[in-house]
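> coords_39.csv is reproduced in full below (CSV, C-alpha atoms).
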```
chain,number,residue,atom,x,y,z
O,1190,MET,CA,114.8,90.4,56.1
O,1191,MET,CA,112.5,87.7,57.6
O,1192,ARG,CA,115.5,86.1,59.3
O,1193,ALA,CA,116.3,89.4,61.1
O,1194,ILE,CA,112.7,89.9,62.2
O,1195,LEU,CA,112.2,86.5,63.8
O,1196,PRO,CA,115.0,86.7,66.4
O,1197,LEU,CA,113.9,90.3,67.2
O,1198,ALA,CA,110.3,89.0,67.8
O,1199,LEU,CA,111.6,86.2,70.1
O,1200,VAL,CA,113.6,88.7,72.1
O,1201,LEU,CA,110.6,91.0,72.5
O,1202,ALA,CA,108.5,88.1,73.6
O,1203,ILE,CA,110.9,87.1,76.3
O,1204,LEU,CA,111.6,90.6,77.7
O,1205,PRO,CA,108.4,90.7,79.9
O,1206,ALA,CA,109.7,87.6,81.7
O,1207,TRP,CA,112.8,89.6,82.7
O,1208,ALA,CA,110.8,92.4,84.1
O,1209,LYS,CA,110.8,92.9,87.8
O,1210,GLN,CA,108.0,91.0,89.5
O,1211,PRO,CA,105.5,92.9,91.7
O,1212,VAL,CA,106.0,92.6,95.4
O,1213,ASP,CA,103.5,93.3,98.3
O,1214,GLU,CA,105.1,92.4,101.6
O,1215,ILE,CA,104.6,93.4,105.2
O,1216,LYS,CA,107.9,94.2,106.7
O,1217,SER,CA,108.3,94.2,110.4
O,1218,GLY,CA,111.1,96.0,112.0
O,1219,GLY,CA,111.7,99.2,113.9
O,1220,CYS,CA,110.4,102.7,113.2
O,1221,LEU,CA,113.4,104.8,114.0
O,1222,GLU,CA,111.8,108.1,113.5
O,1223,LEU,CA,108.6,109.7,112.3
O,1224,LYS,CA,108.3,113.5,112.3
O,1225,ILE,CA,105.1,115.2,111.2
O,1226,ASP,CA,105.7,118.9,110.7
O,1227,ASP,CA,108.9,118.6,112.7
O,1228,ARG,CA,107.1,117.0,115.7
O,1229,PRO,CA,108.2,113.5,116.8
O,1230,THR,CA,105.2,111.2,116.3
O,1231,PRO,CA,104.8,107.5,117.5
O,1232,CYS,CA,104.6,105.2,114.5
O,1233,ASN,CA,103.9,101.5,113.9
O,1234,HIS,CA,106.7,99.0,113.9
O,1235,ASP,CA,105.5,97.4,110.6
O,1236,PHE,CA,105.0,98.7,107.2
O,1237,ARG,CA,103.9,97.4,103.8
O,1238,LEU,CA,106.3,97.6,100.9
O,1239,ILE,CA,104.4,97.6,97.6
O,1240,ASP,CA,106.4,97.3,94.3
O,1241,ASP,CA,104.2,97.3,91.2
O,1242,GLY,CA,107.0,95.9,89.1
O,1243,GLN,CA,106.7,98.9,86.7
O,1244,GLY,CA,108.8,101.4,88.6
O,1245,GLU,CA,106.5,102.6,91.4
O,1246,VAL,CA,107.3,101.6,94.9
O,1247,SER,CA,105.1,102.7,97.8
O,1248,PHE,CA,105.6,102.4,101.6
O,1249,VAL,CA,102.5,102.2,103.8
O,1250,THR,CA,102.6,102.6,107.6
O,1251,GLY,CA,100.5,104.0,110.4
O,1252,TYR,CA,100.9,106.5,113.2
O,1253,GLY,CA,99.1,108.0,116.1
O,1254,ASP,CA,99.9,111.5,117.4
O,1255,GLY,CA,99.6,110.5,121.1
O,1256,ARG,CA,97.0,113.2,121.8
O,1257,GLY,CA,93.9,111.0,121.4
O,1258,ALA,CA,93.4,111.8,117.7
O,1259,PRO,CA,92.5,108.9,115.4
O,1260,LYS,CA,95.4,106.8,114.1
O,1261,THR,CA,96.4,107.6,110.6
O,1262,VAL,CA,97.5,105.5,107.7
O,1263,LEU,CA,100.4,107.1,105.7
O,1264,ALA,CA,101.3,105.9,102.2
O,1265,LEU,CA,104.3,107.3,100.4
O,1266,PHE,CA,104.3,106.8,96.6
O,1267,THR,CA,107.6,106.9,94.8
O,1268,ALA,CA,108.9,106.5,91.2
O,1269,GLN,CA,112.0,104.6,90.5
O,1270,THR,CA,114.5,105.9,87.9
O,1271,PRO,CA,117.4,103.8,86.7
O,1272,ASP,CA,119.9,106.7,87.0
O,1273,MET,CA,119.2,106.9,90.8
O,1274,GLU,CA,120.6,103.5,91.7
O,1275,ASN,CA,124.1,102.8,92.9
O,1276,ALA,CA,126.0,100.2,94.9
O,1277,TYR,CA,124.6,101.5,98.2
O,1278,GLY,CA,120.9,101.6,97.4
O,1279,TYR,CA,118.1,103.3,95.6
O,1280,ALA,CA,117.0,106.9,95.7
O,1281,LEU,CA,113.3,107.1,94.8
O,1282,ARG,CA,111.5,110.3,93.8
O,1283,LEU,CA,108.5,111.0,96.0
O,1284,THR,CA,105.4,111.7,93.9
O,1285,SER,CA,102.5,111.7,96.2
O,1286,ILE,CA,101.2,110.9,99.7
O,1287,THR,CA,98.0,109.5,101.0
O,1288,LEU,CA,96.7,110.2,104.5
O,1289,MET,CA,93.7,108.3,105.9
O,1290,THR,CA,92.4,107.9,109.4
O,1291,TYR,CA,91.6,104.3,110.6
O,1292,ASP,CA,88.1,105.3,111.6
O,1293,LYS,CA,87.2,106.8,108.2
O,1294,PRO,CA,88.7,104.7,105.4
O,1295,HIS,CA,86.5,106.5,102.8
O,1296,THR,CA,88.3,109.7,103.5
O,1297,GLU,CA,91.5,108.7,101.6
O,1298,ARG,CA,93.0,111.6,99.6
O,1299,VAL,CA,96.1,111.7,97.5
O,1300,TRP,CA,98.3,114.8,98.0
O,1301,LYS,CA,101.0,115.8,95.6
O,1302,ALA,CA,104.4,115.7,97.3
O,1303,ALA,CA,108.0,116.5,96.5
O,1304,GLY,CA,111.0,114.8,98.1
O,1305,LEU,CA,113.1,111.7,98.1
O,1306,CYS,CA,113.1,108.2,99.7
O,1307,PHE,CA,116.3,106.3,100.1
O,1308,LEU,CA,116.3,102.5,100.3
O,1309,VAL,CA,119.7,101.3,101.5
O,1310,LYS,CA,120.6,97.8,100.2
O,1311,PRO,CA,121.9,95.2,102.6
O,1312,ASN,CA,125.6,94.7,102.2
O,1313,PRO,CA,127.1,91.6,103.6
O,1314,VAL,CA,129.9,92.3,106.0
O,1315,ARG,CA,132.6,89.7,106.6
O,1316,VAL,CA,133.4,88.9,110.2
O,1317,ALA,CA,136.2,86.4,110.1
O,1318,ALA,CA,135.0,83.8,107.6
O,1319,LYS,CA,131.3,84.5,108.2
O,1320,LEU,CA,129.1,86.9,106.2
O,1321,ILE,CA,126.7,88.9,108.3
O,1322,ARG,CA,123.7,90.7,106.7
O,1323,GLN,CA,123.1,94.3,107.7
O,1324,ASP,CA,119.6,95.8,108.1
O,1325,ILE,CA,117.9,97.6,105.3
O,1326,VAL,CA,117.0,101.2,106.1
O,1327,ALA,CA,114.2,103.2,104.4
O,1328,MET,CA,114.3,107.0,104.8
O,1329,CYS,CA,111.9,109.4,103.3
O,1330,SER,CA,111.5,113.2,103.4
O,1331,ALA,CA,108.4,114.7,101.9
O,1332,THR,CA,107.0,118.2,101.5
O,1333,LEU,CA,103.4,118.8,100.6
O,1334,ALA,CA,102.8,122.0,98.8
O,1335,ASP,CA,99.0,122.1,98.9
O,1336,ALA,CA,97.8,124.7,101.6
O,1337,SER,CA,94.8,122.5,102.4
O,1338,ALA,CA,96.9,119.4,103.3
O,1339,PRO,CA,96.7,118.4,106.9
O,1340,VAL,CA,100.5,118.3,107.2
O,1341,ARG,CA,103.3,120.2,105.5
O,1342,ARG,CA,106.4,117.9,106.0
O,1343,ILE,CA,107.0,114.3,106.8
O,1344,ASP,CA,110.3,112.7,107.7
O,1345,TRP,CA,110.4,109.0,108.2
O,1346,LYS,CA,113.1,106.4,109.0
O,1347,PHE,CA,112.4,102.6,109.3
O,1348,VAL,CA,114.8,99.7,109.6
O,1349,PHE,CA,113.9,96.1,108.7
```
As structure tokens - that is how I would like this structure written.


Amino acid sequence: MMRAILPLALVLAILPAWAKQPVDEIKSGGCLELKIDDRPTPCNHDFRLIDDGQGEVSFVTGYGDGRGAPKTVLALFTAQTPDMENAYGYALRLTSITLMTYDKPHTERVWKAAGLCFLVKPNPVRVAAKLIRQDIVAMCSATLADASAPVRRIDWKFVF
């Protein structure tokens, strides 16, 4: 019995080392599209990808509405599930959204949201004998159900 427990204990001690490491990176690229309530909105050409290593991935970016209103920080929080990964990328369930204006950082509020984010993996493409890396595309669609939320729908596409 003791012989069976010792190898199991070693495996359990090593498993955390195999876990996905947290990532917090600023990704520059191009904001392909941002629509707030179906209205095109100018957005930043950088975003922060935050992966807590435990299955939650969030995307943080900013936008301005072009009408003189304060610029807003937008954070999309998602939950990874292993059954939503395939050879082309990841589908992440959107769980909540944070909206906060630049001039009032203490006004951050988390809103429950429903939707999906797709993170398309880079696939090397062969051109003659050379492999060329394609861009990664992040696409999110979110719906906020709370009637007091400042927005109802967010559609966002970013390439990096």

> Figure out the distance between CA of Lys1260 in chain O and CA of Glu1245 in chain O, please, to one decimal in Å.

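Atom-to-atom, CA of Glu1245 in chain O and CA of Lys1260 in chain O are spaced 25.6 Å apart.
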
> Identify, on the basis of all atoms listed in the file, every residue whose closest approach to range 1333-1344 of chain O does not exceed 10 Å; exclude the query and any residue fewer than 6 positions from it along the same chain; express the result as a ChimeraX atom specification.

/O:1222-1229,1263,1265,1284-1286,1288,1298-1304,1306

> Would you write out those residues with C-alpha atoms, as a short mmCIF file (atom, residue, chain, number, x, y, z; two decimals), keeping the file's coordinate frame?


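Ended up saving to out22.cif:
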```cif
data_model
loop_
_atom_site.label_atom_id
_atom_site.label_comp_id
_atom_site.auth_asym_id
_atom_site.auth_seq_id
_atom_site.Cartn_x
_atom_site.Cartn_y
_atom_site.Cartn_z
CA GLU O 1222 111.80 108.10 113.50
CA LEU O 1223 108.60 109.70 112.30
CA LYS O 1224 108.30 113.50 112.30
CA ILE O 1225 105.10 115.20 111.20
CA ASP O 1226 105.70 118.90 110.70
CA ASP O 1227 108.90 118.60 112.70
CA ARG O 1228 107.10 117.00 115.70
CA PRO O 1229 108.20 113.50 116.80
CA LEU O 1263 100.40 107.10 105.70
CA LEU O 1265 104.30 107.30 100.40
CA THR O 1284 105.40 111.70 93.90
CA SER O 1285 102.50 111.70 96.20
CA ILE O 1286 101.20 110.90 99.70
CA LEU O 1288 96.70 110.20 104.50
CA ARG O 1298 93.00 111.60 99.60
CA VAL O 1299 96.10 111.70 97.50
CA TRP O 1300 98.30 114.80 98.00
CA LYS O 1301 101.00 115.80 95.60
CA ALA O 1302 104.40 115.70 97.30
CA ALA O 1303 108.00 116.50 96.50
CA GLY O 1304 111.00 114.80 98.10
CA CYS O 1306 113.10 108.20 99.70
#
```

> Out of O:Leu1221, O:Val1262, O:Val1249, O:Val1326, which residue has the shortest atom-to-atom distance to Ala1280 in chain O when counting all atoms listed in the file?

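Comparing O:Leu1221, O:Val1262, O:Val1249, O:Val1326 against Ala1280 in chain O, the winner is O:Val1326.
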
> Which residues come within 8 Å of Phe1248 in chain O, counting all atoms listed in the file, excluding same-chain residues fewer than 4 positions away, as a list of chain:residue names?

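Here the answer would be O:Phe1236, O:Arg1237, O:Leu1238, O:Ile1239, O:Ala1264, O:Leu1265, O:Phe1266.
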
> Quote the spacing between CA of Asp1324 in chain O and CA of Lys1310 in chain O in Å to one decimal place.

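Computed distance, CA of Asp1324 in chain O to CA of Lys1310 in chain O, equals 8.2 Å.
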